[in-house]
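Have a look at upload.txt; it's compact mmCIF, C-alpha atoms:
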```txt
# COMPACT_ATOMS: atom_id res chain seq x y z
CA MET A 1 -14.23 -46.39 0.07
CA LYS A 2 -14.74 -45.00 -3.43
CA LEU A 3 -17.82 -43.13 -2.21
CA ARG A 4 -15.80 -41.71 0.71
CA LYS A 5 -13.07 -40.51 -1.63
CA LEU A 6 -15.68 -38.96 -3.87
CA VAL A 7 -17.28 -37.10 -0.94
CA PHE A 8 -13.87 -35.87 0.25
CA ALA A 9 -12.90 -34.78 -3.28
CA VAL A 10 -16.17 -32.82 -3.67
CA PHE A 11 -15.54 -31.19 -0.29
CA GLY A 12 -11.99 -30.26 -1.36
CA LEU A 13 -13.27 -28.85 -4.64
CA LEU A 14 -15.82 -26.78 -2.72
CA LEU A 15 -13.07 -25.36 -0.50
CA LEU A 16 -10.91 -24.60 -3.55
CA THR A 17 -13.79 -22.91 -5.37
CA THR A 18 -14.92 -20.72 -2.46
CA SER A 19 -11.41 -19.64 -1.46
CA GLY A 20 -10.31 -19.25 -5.07
CA THR A 21 -13.36 -17.13 -5.93
CA SER A 22 -12.71 -14.89 -2.93
CA PHE A 23 -9.03 -14.41 -3.88
CA TYR A 24 -9.93 -13.81 -7.55
CA ARG A 25 -12.55 -11.19 -6.65
CA SER A 26 -10.13 -9.48 -4.29
CA ARG A 27 -7.43 -9.30 -6.97
CA HIS A 28 -9.85 -7.97 -9.57
CA LEU A 29 -11.95 -5.56 -7.47
CA GLU A 30 -12.18 -2.30 -9.40
CA GLU A 31 -11.82 0.88 -7.37
CA ALA A 32 -13.27 4.01 -8.95
CA VAL A 33 -11.74 7.48 -8.77
CA VAL A 34 -13.99 10.45 -9.57
CA LEU A 35 -11.56 13.05 -10.83
CA SER A 36 -11.50 16.40 -9.08
CA PRO A 37 -12.18 19.41 -11.34
CA GLY A 38 -8.53 20.24 -10.60
CA VAL A 39 -7.16 17.13 -12.35
CA SER A 40 -5.79 18.37 -15.66
CA GLU A 41 -4.11 15.19 -16.84
CA VAL A 42 -3.97 11.48 -16.01
CA LYS A 43 -0.75 9.75 -17.02
CA LYS A 44 0.64 6.26 -16.43
CA LEU A 45 3.84 5.43 -14.60
CA GLY A 46 5.01 3.72 -17.78
CA ASP A 47 5.07 7.17 -19.46
CA TYR A 48 8.19 7.90 -17.39
CA PHE A 49 9.96 4.55 -17.69
CA GLU A 50 9.32 2.03 -20.45
CA GLY A 51 10.38 -0.89 -18.22
CA ILE A 52 7.22 -0.62 -16.11
CA ARG A 53 4.72 -0.05 -18.95
CA GLY A 54 2.00 -2.68 -19.15
CA THR A 55 2.99 -4.34 -15.87
CA VAL A 56 0.70 -4.67 -12.86
CA ASN A 57 2.49 -1.67 -11.29
CA ASP A 58 1.85 0.68 -14.25
CA CYS A 59 -0.37 2.83 -12.02
CA ASN A 60 -2.30 6.05 -12.69
CA ILE A 61 -0.60 9.41 -12.12
CA TYR A 62 -3.04 12.27 -11.40
CA ILE A 63 -1.68 15.71 -12.27
CA MET A 64 -3.31 18.94 -11.09
CA GLU A 65 -1.94 22.00 -12.79
CA GLY A 66 -2.37 25.18 -10.74
CA GLU A 67 -4.12 28.33 -11.85
CA GLU A 68 -0.88 30.22 -11.10
CA PRO A 69 2.71 28.97 -11.43
CA GLY A 70 4.55 27.66 -8.39
CA GLY A 71 6.32 24.61 -7.02
CA THR A 72 5.52 20.95 -7.67
CA VAL A 73 4.45 18.62 -4.86
CA PHE A 74 4.08 14.86 -5.31
CA VAL A 75 1.89 13.03 -2.75
CA MET A 76 2.18 9.25 -2.79
CA GLY A 77 -0.41 6.87 -1.36
CA GLY A 78 -0.40 3.08 -1.47
CA THR A 79 3.26 2.40 -0.72
CA HIS A 80 1.89 -0.04 1.85
CA PRO A 81 -1.77 -0.61 0.88
CA GLU A 82 -2.58 -2.29 4.22
CA GLU A 83 -2.21 1.23 5.66
CA PRO A 84 -5.53 2.42 4.17
CA ALA A 85 -5.64 5.93 5.64
CA ALA A 86 -2.63 6.76 3.47
CA ARG A 87 -4.42 5.64 0.30
CA LEU A 88 -7.72 7.25 1.33
CA ALA A 89 -6.06 10.61 2.08
CA ALA A 90 -4.53 10.54 -1.40
CA TRP A 91 -7.98 9.58 -2.76
CA ILE A 92 -9.49 12.69 -1.17
CA LEU A 93 -6.81 14.78 -2.87
CA ALA A 94 -7.48 13.16 -6.27
CA GLU A 95 -11.25 13.69 -5.97
CA ASN A 96 -11.29 17.17 -4.42
CA ALA A 97 -8.07 19.15 -4.74
CA VAL A 98 -7.87 22.22 -6.96
CA MET A 99 -4.49 23.92 -7.11
CA GLU A 100 -4.56 27.71 -7.01
CA ALA A 101 -0.77 27.95 -7.28
CA GLY A 102 1.79 25.30 -8.15
CA ARG A 103 1.23 21.75 -9.27
CA LEU A 104 0.06 18.66 -7.39
CA ILE A 105 0.84 15.11 -8.50
CA VAL A 106 -1.02 12.30 -6.74
CA VAL A 107 -0.61 8.52 -6.85
CA LEU A 108 -3.08 6.21 -5.09
CA SER A 109 -1.58 2.76 -5.77
CA SER A 110 2.18 3.20 -5.88
CA ASN A 111 2.70 -0.53 -5.29
CA ARG A 112 -0.41 -1.64 -7.15
CA SER A 113 0.60 -5.30 -6.99
CA ALA A 114 0.57 -5.09 -3.16
CA SER A 115 -2.96 -3.69 -3.29
CA LEU A 116 -4.17 -6.85 -5.07
CA VAL A 117 -3.28 -9.34 -2.34
CA THR A 118 -3.67 -9.67 1.43
CA ARG A 119 -1.18 -11.09 3.93
CA VAL A 120 -0.56 -14.72 2.95
CA GLY A 121 -1.81 -16.89 5.82
CA GLY A 122 -2.94 -13.79 7.71
CA ALA A 123 -6.72 -14.19 7.25
CA TYR A 124 -7.06 -10.48 6.54
CA PRO A 125 -10.39 -9.19 5.19
CA PRO A 126 -10.05 -8.78 1.41
CA ASP A 127 -11.65 -5.33 1.30
CA PHE A 128 -13.46 -2.67 3.32
CA SER A 129 -16.22 -0.14 2.65
CA ILE A 130 -16.56 3.52 3.54
CA PRO A 131 -20.07 4.95 4.00
CA THR A 132 -20.70 8.05 1.88
CA ASP A 133 -23.55 10.54 1.42
CA TRP A 134 -24.87 8.51 -1.56
CA GLY A 135 -24.03 4.86 -0.63
CA GLU A 136 -20.71 3.22 0.06
CA ARG A 137 -17.36 2.83 -1.66
CA THR A 138 -15.40 -0.43 -1.43
CA PHE A 139 -11.60 -0.56 -1.47
CA ARG A 140 -9.09 -3.39 -1.61
CA LEU A 141 -7.26 -3.89 1.69
CA GLY A 142 -3.93 -5.02 0.22
CA ASP A 143 -0.66 -5.96 1.87
CA ARG A 144 2.72 -4.47 2.75
CA TRP A 145 4.56 -6.39 0.02
CA ALA A 146 4.01 -6.92 -3.71
CA ASP A 147 2.06 -10.06 -4.58
CA PRO A 148 4.34 -13.11 -4.93
CA LEU A 149 2.30 -13.91 -8.05
CA ASP A 150 3.82 -10.80 -9.64
CA GLN A 151 7.37 -10.99 -8.28
CA TRP A 152 9.01 -14.30 -7.54
CA PRO A 153 11.31 -15.73 -6.20
CA ASP A 154 12.55 -13.85 -3.13
CA PRO A 155 16.31 -14.04 -2.51
CA GLU A 156 17.87 -15.58 0.62
CA VAL A 157 19.05 -12.10 1.60
CA TYR A 158 17.92 -8.90 -0.10
CA ILE A 159 20.94 -6.77 -0.96
CA HIS A 160 19.78 -3.20 -1.47
CA TYR A 161 20.91 -1.38 -4.61
CA PRO A 162 23.04 0.75 -4.76
CA SER A 163 24.10 0.81 -1.06
CA GLY A 164 24.79 -2.95 -0.76
CA GLN A 165 23.06 -2.96 2.64
CA PHE A 166 21.62 -6.34 3.71
CA LEU A 167 17.86 -6.24 4.34
CA ALA A 168 15.20 -8.86 5.12
CA PHE A 169 14.58 -11.15 2.13
CA VAL A 170 10.88 -10.31 1.87
CA ASP A 171 11.61 -6.58 1.63
CA ILE A 172 12.68 -6.98 -1.99
CA ARG A 173 8.90 -6.75 -2.55
CA ASN A 174 8.51 -3.75 -0.18
CA LEU A 175 8.26 -0.47 -2.11
CA ASN A 176 9.66 1.44 0.84
CA ARG A 177 12.86 -0.61 0.90
CA THR A 178 13.72 -0.49 -2.80
CA TRP A 179 14.29 3.23 -3.41
CA PRO A 180 15.91 4.53 -5.61
CA GLY A 181 15.38 1.35 -7.62
CA ARG A 182 17.14 0.21 -10.78
CA PRO A 183 16.01 -0.15 -14.39
CA ASP A 184 16.89 -3.86 -14.71
CA GLY A 185 15.88 -4.97 -11.21
CA SER A 186 12.87 -6.74 -9.75
CA LEU A 187 9.34 -5.43 -10.37
CA THR A 188 9.42 -3.38 -7.15
CA GLU A 189 12.89 -1.99 -7.91
CA ARG A 190 11.75 -1.02 -11.42
CA THR A 191 8.69 0.64 -9.88
CA THR A 192 10.76 2.88 -7.60
CA HIS A 193 13.13 3.58 -10.50
CA ALA A 194 10.10 4.71 -12.54
CA PHE A 195 8.97 6.99 -9.71
CA MET A 196 12.49 8.48 -9.51
CA GLU A 197 12.23 9.19 -13.25
CA LEU A 198 8.84 10.84 -12.66
CA ILE A 199 10.34 12.98 -9.88
CA ARG A 200 13.25 14.04 -12.12
CA GLN A 201 11.23 14.58 -15.33
CA GLU A 202 8.40 16.50 -13.63
CA LYS A 203 10.97 18.52 -11.60
CA VAL A 204 9.26 17.68 -8.29
CA ASP A 205 10.23 20.07 -5.48
CA LEU A 206 8.55 18.29 -2.59
CA PHE A 207 7.82 14.57 -2.21
CA ILE A 208 5.46 13.25 0.48
CA ASP A 209 5.04 9.52 1.17
CA LEU A 210 1.93 8.72 3.29
CA HIS A 211 1.97 5.82 5.77
CA GLU A 212 0.41 4.37 8.90
CA ALA A 213 2.27 2.63 11.73
CA GLU A 214 1.55 0.24 14.58
CA LEU A 215 1.44 1.83 18.03
CA GLN A 216 4.26 -0.42 19.22
CA TYR A 217 6.58 1.17 16.65
CA PRO A 218 8.47 4.26 17.84
CA VAL A 219 8.21 6.13 14.52
CA ILE A 220 4.55 7.16 14.80
CA SER A 221 2.43 10.33 14.58
CA THR A 222 5.40 12.03 13.03
CA ILE A 223 7.08 13.46 9.96
CA VAL A 224 10.33 11.76 8.93
CA ALA A 225 12.42 14.30 7.06
CA HIS A 226 15.39 14.14 4.74
CA ASP A 227 18.27 16.49 5.67
CA ARG A 228 17.07 19.14 3.20
CA GLY A 229 13.52 18.95 4.60
CA GLU A 230 14.32 19.39 8.29
CA GLU A 231 13.35 23.06 8.48
CA LEU A 232 10.13 22.48 6.56
CA ALA A 233 9.21 19.46 8.70
CA ALA A 234 10.04 21.24 11.98
CA PHE A 235 7.85 24.25 11.09
CA THR A 236 5.00 21.99 9.91
CA SER A 237 5.23 19.85 13.05
CA MET A 238 5.11 22.93 15.30
CA MET A 239 2.17 24.47 13.46
CA LEU A 240 0.16 21.22 13.44
CA SER A 241 0.88 20.55 17.12
CA ASP A 242 -0.16 24.09 18.02
CA MET A 243 -3.28 24.34 15.85
CA GLU A 244 -4.67 20.86 15.12
CA PHE A 245 -3.10 17.74 16.69
CA ASN A 246 0.17 16.49 18.07
CA MET A 247 2.72 15.77 15.34
CA GLY A 248 6.37 14.88 15.88
CA MET A 249 9.41 15.16 13.66
CA GLU A 250 12.23 12.70 13.09
CA TYR A 251 15.45 12.84 11.11
CA SER A 252 15.90 10.36 8.29
CA PRO A 253 18.84 8.11 9.35
CA PRO A 254 21.63 8.51 6.75
CA SER A 255 22.69 4.87 7.01
CA LEU A 256 19.26 3.25 6.68
CA HIS A 257 18.78 2.62 2.97
CA GLY A 258 15.91 1.88 0.64
CA LEU A 259 13.40 4.21 2.32
CA SER A 260 11.79 7.10 0.43
CA HIS A 261 12.67 9.79 3.00
CA ARG A 262 16.37 8.95 2.52
CA GLU A 263 16.78 7.90 -1.11
CA VAL A 264 14.42 10.34 -2.88
CA GLY A 265 16.25 13.23 -1.23
CA ASP A 266 19.68 11.72 -1.95
CA HIS A 267 18.99 10.87 -5.61
CA SER A 268 16.93 13.85 -6.79
CA ASP A 269 16.45 17.57 -6.19
CA ALA A 270 13.18 16.93 -4.33
CA VAL A 271 12.81 17.42 -0.59
CA SER A 272 11.47 14.13 0.77
CA LEU A 273 9.15 13.67 3.74
CA LEU A 274 7.27 10.66 5.12
CA PHE A 275 4.15 10.99 7.31
CA GLU A 276 3.07 8.34 9.83
CA ALA A 277 -0.44 8.05 11.38
CA PRO A 278 -1.41 5.50 14.09
CA GLU A 279 -3.12 2.27 12.97
CA PRO A 280 -3.89 -0.32 15.73
CA PHE A 281 -4.81 -2.86 13.01
CA LEU A 282 -1.07 -3.32 12.41
CA ASP A 283 -0.16 -4.05 16.04
CA ALA A 284 1.01 -7.60 16.72
CA THR A 285 -0.96 -7.66 20.01
CA ARG A 286 -4.29 -6.88 18.30
CA GLY A 287 -7.36 -9.07 18.70
CA LYS A 288 -9.53 -10.10 15.75
CA THR A 289 -8.27 -8.89 12.35
CA THR A 290 -11.59 -7.58 11.08
CA ARG A 291 -12.96 -4.78 8.91
CA GLU A 292 -14.48 -3.21 12.04
CA GLN A 293 -11.10 -3.14 13.77
CA LEU A 294 -9.51 -1.66 10.65
CA LEU A 295 -12.04 1.19 10.42
CA THR A 296 -12.74 1.96 14.09
CA GLY A 297 -9.17 1.47 15.27
CA LYS A 298 -10.58 0.05 18.51
CA ASP A 299 -8.91 -2.95 20.13
CA GLU A 300 -9.02 -4.01 23.78
CA PHE A 301 -5.74 -5.92 23.52
CA VAL A 302 -3.85 -2.90 22.16
CA VAL A 303 -5.39 -0.86 25.01
CA LYS A 304 -3.96 -3.44 27.43
CA ALA A 305 -0.57 -3.15 25.74
CA GLY A 306 -0.79 0.59 26.33
CA LYS A 307 -1.53 0.11 30.01
CA ALA A 308 1.57 -2.11 30.16
CA GLY A 309 3.64 0.74 28.74
CA LEU A 310 4.36 -1.01 25.44
CA LEU A 311 3.05 1.71 23.09
CA PHE A 312 4.58 4.87 21.63
CA GLU A 313 1.18 6.57 21.10
CA LYS A 314 -1.82 6.96 23.38
CA MET A 315 -4.54 4.31 23.03
CA ASP A 316 -7.90 4.20 24.80
CA GLU A 317 -11.42 2.87 24.27
CA ASN A 318 -12.02 5.47 21.54
CA GLY A 319 -9.35 3.87 19.36
CA TRP A 320 -8.02 5.52 16.20
CA PRO A 321 -10.94 5.72 13.71
CA VAL A 322 -10.08 5.92 10.04
CA ASP A 323 -11.58 9.46 9.84
CA VAL A 324 -9.06 10.66 12.42
CA ARG A 325 -6.16 8.98 10.61
CA VAL A 326 -7.15 10.33 7.18
CA GLY A 327 -7.76 13.79 8.65
CA ARG A 328 -4.26 13.81 10.12
CA HIS A 329 -2.82 13.12 6.67
CA THR A 330 -4.87 15.70 4.74
CA SER A 331 -4.16 18.40 7.33
CA ALA A 332 -0.46 17.49 7.40
CA VAL A 333 -0.27 17.74 3.59
CA LEU A 334 -2.08 21.11 3.56
CA MET A 335 0.04 22.48 6.41
CA THR A 336 3.21 21.34 4.63
CA MET A 337 2.11 23.22 1.50
CA GLU A 338 1.47 26.36 3.57
CA THR A 339 4.84 26.10 5.32
CA TRP A 340 6.56 25.38 2.00
CA SER A 341 5.02 28.54 0.51
CA GLU A 342 6.31 30.64 3.41
CA LEU A 343 9.82 29.23 3.08
CA ASN A 344 9.78 29.30 -0.76
CA PRO A 345 7.70 32.32 -1.83
CA ASP A 346 9.05 32.03 -5.38
CA ARG A 347 7.54 28.52 -5.70
CA PRO A 348 4.22 28.66 -3.81
CA LEU A 349 1.82 25.75 -3.30
CA ARG A 350 -1.80 26.72 -2.65
CA CYS A 351 -4.66 24.25 -2.70
CA ARG A 352 -8.44 24.46 -2.13
CA GLY A 353 -11.23 21.92 -1.81
CA VAL A 354 -9.39 19.51 0.51
CA PRO A 355 -10.90 19.00 3.99
CA ARG A 356 -8.79 19.37 7.10
CA TYR A 357 -8.72 17.18 10.23
CA ASP A 358 -11.71 18.81 12.01
CA GLU A 359 -13.89 18.76 8.89
CA ILE A 360 -13.27 15.06 8.20
CA ILE A 361 -14.03 14.12 11.80
CA ALA A 362 -17.21 16.24 11.73
CA LEU A 363 -18.63 14.94 8.43
CA GLY A 364 -16.83 11.62 7.87
CA LEU A 365 -14.34 11.03 5.07
CA GLY A 366 -17.11 9.50 2.91
CA HIS A 367 -18.51 13.02 2.47
CA TRP A 368 -15.55 13.74 0.17
CA LEU A 369 -15.79 10.51 -1.86
CA HIS A 370 -18.00 11.16 -4.87
CA ASP A 371 -20.50 8.94 -6.67
CA PRO A 372 -18.86 7.40 -9.79
CA SER A 373 -22.27 6.65 -11.36
CA ALA A 374 -23.23 10.34 -11.17
CA ALA A 375 -19.98 11.56 -12.73
CA PRO A 376 -19.29 11.87 -16.49
CA PRO A 377 -17.58 8.62 -17.60
CA GLU A 378 -14.54 10.53 -18.89
CA ARG A 379 -14.00 11.88 -15.33
CA VAL A 380 -13.87 8.41 -13.73
CA GLU A 381 -10.71 6.33 -13.55
CA ILE A 382 -10.17 2.80 -12.25
CA GLU A 383 -7.29 2.00 -9.91
CA MET B 1 17.88 -10.31 -13.38
CA THR B 2 14.35 -10.23 -14.79
CA GLN B 3 15.17 -13.12 -17.14
CA ILE B 4 16.63 -15.22 -14.30
CA GLN B 5 13.50 -14.57 -12.24
CA THR B 6 11.29 -15.66 -15.15
CA VAL B 7 13.23 -18.91 -15.57
CA VAL B 8 13.17 -19.64 -11.81
CA SER B 9 9.45 -18.86 -11.68
CA PHE B 10 8.77 -21.28 -14.55
CA LEU B 11 10.75 -24.03 -12.79
CA TYR B 12 8.90 -23.23 -9.58
CA TYR B 13 5.52 -23.72 -11.26
CA LEU B 14 6.71 -27.02 -12.74
CA LEU B 15 7.70 -28.09 -9.22
CA VAL B 16 4.30 -27.04 -7.85
CA ALA B 17 2.54 -29.02 -10.61
CA TYR B 18 4.70 -32.06 -9.79
CA VAL B 19 3.77 -31.85 -6.09
CA VAL B 20 0.10 -31.52 -7.05
CA VAL B 21 0.34 -34.74 -9.08
CA LEU B 22 2.07 -36.52 -6.18
CA LEU B 23 -0.56 -35.38 -3.68
CA VAL B 24 -3.47 -36.37 -5.93
CA TRP B 25 -1.81 -39.74 -6.58
CA ASN B 26 -1.36 -40.30 -2.83
CA PHE B 27 -4.97 -39.29 -2.22
CA VAL B 28 -6.19 -41.86 -4.74
CA ARG B 29 -3.92 -44.62 -3.40
CA SER B 30 -4.53 -43.99 0.30
CA ARG B 31 -6.81 -46.33 2.26
CA LYS B 32 -7.01 -44.28 5.48
CA TRP B 33 -9.66 -41.54 5.74
CA ASP B 34 -7.51 -39.25 7.93
CA GLU B 35 -4.64 -39.36 5.42
CA GLU B 36 -7.05 -38.56 2.59
CA ILE B 37 -8.24 -35.42 4.41
CA LEU B 38 -4.63 -34.48 5.10
CA TYR B 39 -3.67 -34.81 1.42
CA LEU B 40 -6.63 -32.63 0.41
CA ILE B 41 -5.79 -29.88 2.89
CA VAL B 42 -2.13 -29.86 1.82
CA LEU B 43 -3.18 -29.85 -1.83
CA LEU B 44 -5.24 -26.63 -1.59
CA PRO B 45 -2.44 -24.00 -1.37
CA PHE B 46 -0.54 -25.76 -4.18
CA LEU B 47 -3.61 -25.59 -6.43
CA LEU B 48 -4.24 -21.94 -5.51
CA ARG B 49 -0.68 -21.09 -6.50
CA LEU B 50 -0.75 -23.21 -9.66
CA PHE B 51 -3.93 -21.42 -10.80
CA ARG B 52 -2.35 -18.07 -9.81
CA LEU B 53 -5.11 -17.25 -7.36
CA LYS B 54 -3.00 -16.62 -4.22
```

Have the structure of the file written as structure tokens, please.
Amino acid sequence: MKLRKLVFAVFGLLLLTTSGTSFYRSRHLEEAVVLSPGVSEVKKLGDYFEGIRGTVNDCNIYIMEGEEPGGTVFVMGGTHPEEPAARLAAWILAENAVMEAGRLIVVLSSNRSASLVTRVGGAYPPDFSIPTDWGERTFRLGDRWADPLDQWPDPEVYIHYPSGQFLAFVDIRNLNRTWPGRPDGSLTERTTHAFMELIRQEKVDLFIDLHEAELQYPVISTIVAHDRGEELAAFTSMMLSDMEFNMGMEYSPPSLHGLSHREVGDHSDAVSLLFEAPEPFLDATRGKTTREQLLTGKDEFVVKAGKAGLLFEKMDENGWPVDVRVGRHTSAVLMTMETWSELNPDRPLRCRGVPRYDEIIALGLGHWLHDPSAAPPERVEIE
Amino acid sequence: MTQIQTVVSFLYYLLVAYVVVLLVWNFVRSRKWDEEILYLIVLLPFLLRLFRLK
């Protein structure tokens, strides 16, 4: 019996070691960023609010000062890291964008804690790789919510501040349910408070939050606009639908609190928009939760759901590859800048070096991810 | 709020450590092989949390 216990204990230790090593590696995987020639300064979120300095969410802030004066646009990736096209589109901006007029601020890991964990009990892949012209780049997959290791415990009911609206308990760790945040709140609330300080201190004119959505969710392939951004979003949606791909437009509901498209616009001078691209990986009816499914966006079960009329976006055997999803985001950001400049000629936003939808599909998004080993060390940052 | 969360988290980890001790004790005392496997499987997520791995 002692021998049996010993064998079982060794087996248990083996399981603990293999799973623990995998989780440790996932949480400590370093993602490189090769700075675009347009990046003039890299700050930390803690520079805007002392309460977030040194925490896991003290993320990098990439600032690209334009050659000519203009407006300031802030593009946020990584609100929900398990929506990788949003992070990757922001990555392409950080590695390629050069501002000709105005200023661009980019964040890749806005809820960095959420990028260090995958869905608990969800058997998600810990990371994924994108093929490039020189090799491949590996990124953390992440989750929708901050890691419970960093923010614990969750309340029975999450009462949003300052509206007092009741939300799901787990959403106290969801960055897109804690806007505008508070200085003495939970880690996620302090993170959104810090971003609000950034928006106010940097005098941001336009705020864009990048996302992906499941095809069974009605808010998909669209721009969600705050009241003050309706004209901008409507023009952008029309131009994109006419020239590149179908893009809808939705109004931010005034009574739904905690979301960036509502609270950033209500609590700052910035116009706030949120972009959604389709991601079958998020659909509850999906098949295997694999890296291949994440990157190809192909899934026979989601196709079946579409045939049953359960989807709000088209879905066929071609799926929604990550290149298509990232291309939608980069084109939508560029088109928004162009529309903004037409509506606000005194505060223009002009950008070069960023590929549009057609270019990313033609060459693959990896073409715009640069080799960190070939870049000067002072032009490489770690997320 | 942050201080309350820190205190609750500390108590939570004490609780997790206590459950780990109980499970290991039961594993050692058990005489049935199927119960031993069960204790080991239940023990894993507690250890992963205690070691702050997941």

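If we count all atoms listed in the file, these residues of chain B sit within 9 Å of chain A: B:Met1, B:Thr2, B:Gln5, B:Thr6, B:Val8, B:Ser9, B:Tyr12, B:Phe27, B:Val28, B:Arg31, B:Trp33, B:Glu36, B:Ile37, B:Leu40, B:Ile41, B:Leu43, B:Leu44, B:Pro45, B:Leu47, B:Leu48, B:Arg49, B:Phe51, B:Arg52, B:Leu53, B:Lys54.
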
Problem - Surrounding residues of segment 252-264 of chain A excluding itself and chain neighbours under 4 positions, 10 Å, all atoms listed in the file, as a PyMOL selection string - result: chain A and resi 79+160-167+171-172+174-181+189+192+195-196+199+206-209+223-227+229-230+268-275

Practice task
Work out how far atom CA of Thr18 of chain A is from atom CA of Val21 of chain B, in Å to one decimal.
Solution key: 21.8 Å

Handout entry: Pairwise distance for atom CA of Glu338 of chain A and atom CA of Thr72 of chain A, rounded to one decimal in Å
Key = 13.1 Å

Exercise for the section: Go ahead and compute the interatomic distance for atom CA of Ile63 of chain A and atom CA of Arg103 of chain A, in Å to one decimal. Expected result: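 Interatomic distance here is 7.3 Å.
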
Handout entry: Residues within 12 Å of Pro348 of chain A, all atoms listed in the file, excluding chain neighbours under 5 positions, as a VMD selection string
Key = chain A and resid 66 to 73 99 to 104 205 to 206 336 to 343

Handout entry: Exercise: residues within 9 Å of coordinate (-2.1, -4.7, -12.1), counting all atoms listed in the file, as a ChimeraX atom specification
Key = /A:27-28,54-59,112-113,115-116,150,383

Take the residues just selected and output them with C-alpha atoms as a PDB file, in the coordinates of the input.
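File produced: part.pdb:
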```pdb
ATOM      1  CA  ARG A  27      -7.430  -9.300  -6.970  1.00  0.00           C
ATOM      2  CA  HIS A  28      -9.850  -7.970  -9.570  1.00  0.00           C
ATOM      3  CA  GLY A  54       2.000  -2.680 -19.150  1.00  0.00           C
ATOM      4  CA  THR A  55       2.990  -4.340 -15.870  1.00  0.00           C
ATOM      5  CA  VAL A  56       0.700  -4.670 -12.860  1.00  0.00           C
ATOM      6  CA  ASN A  57       2.490  -1.670 -11.290  1.00  0.00           C
ATOM      7  CA  ASP A  58       1.850   0.680 -14.250  1.00  0.00           C
ATOM      8  CA  CYS A  59      -0.370   2.830 -12.020  1.00  0.00           C
ATOM      9  CA  ARG A 112      -0.410  -1.640  -7.150  1.00  0.00           C
ATOM     10  CA  SER A 113       0.600  -5.300  -6.990  1.00  0.00           C
ATOM     11  CA  SER A 115      -2.960  -3.690  -3.290  1.00  0.00           C
ATOM     12  CA  LEU A 116      -4.170  -6.850  -5.070  1.00  0.00           C
ATOM     13  CA  ASP A 150       3.820 -10.800  -9.640  1.00  0.00           C
ATOM     14  CA  GLU A 383      -7.290   2.000  -9.910  1.00  0.00           C
TER      15      GLU A 383
END
```

Exercise for the section: Would you please work out which residue, of B:Val7, B:Tyr13, B:Tyr39, B:Phe46, is nearest to Asn26 of chain B when using only C-alpha atoms? Expected result: B:Tyr39
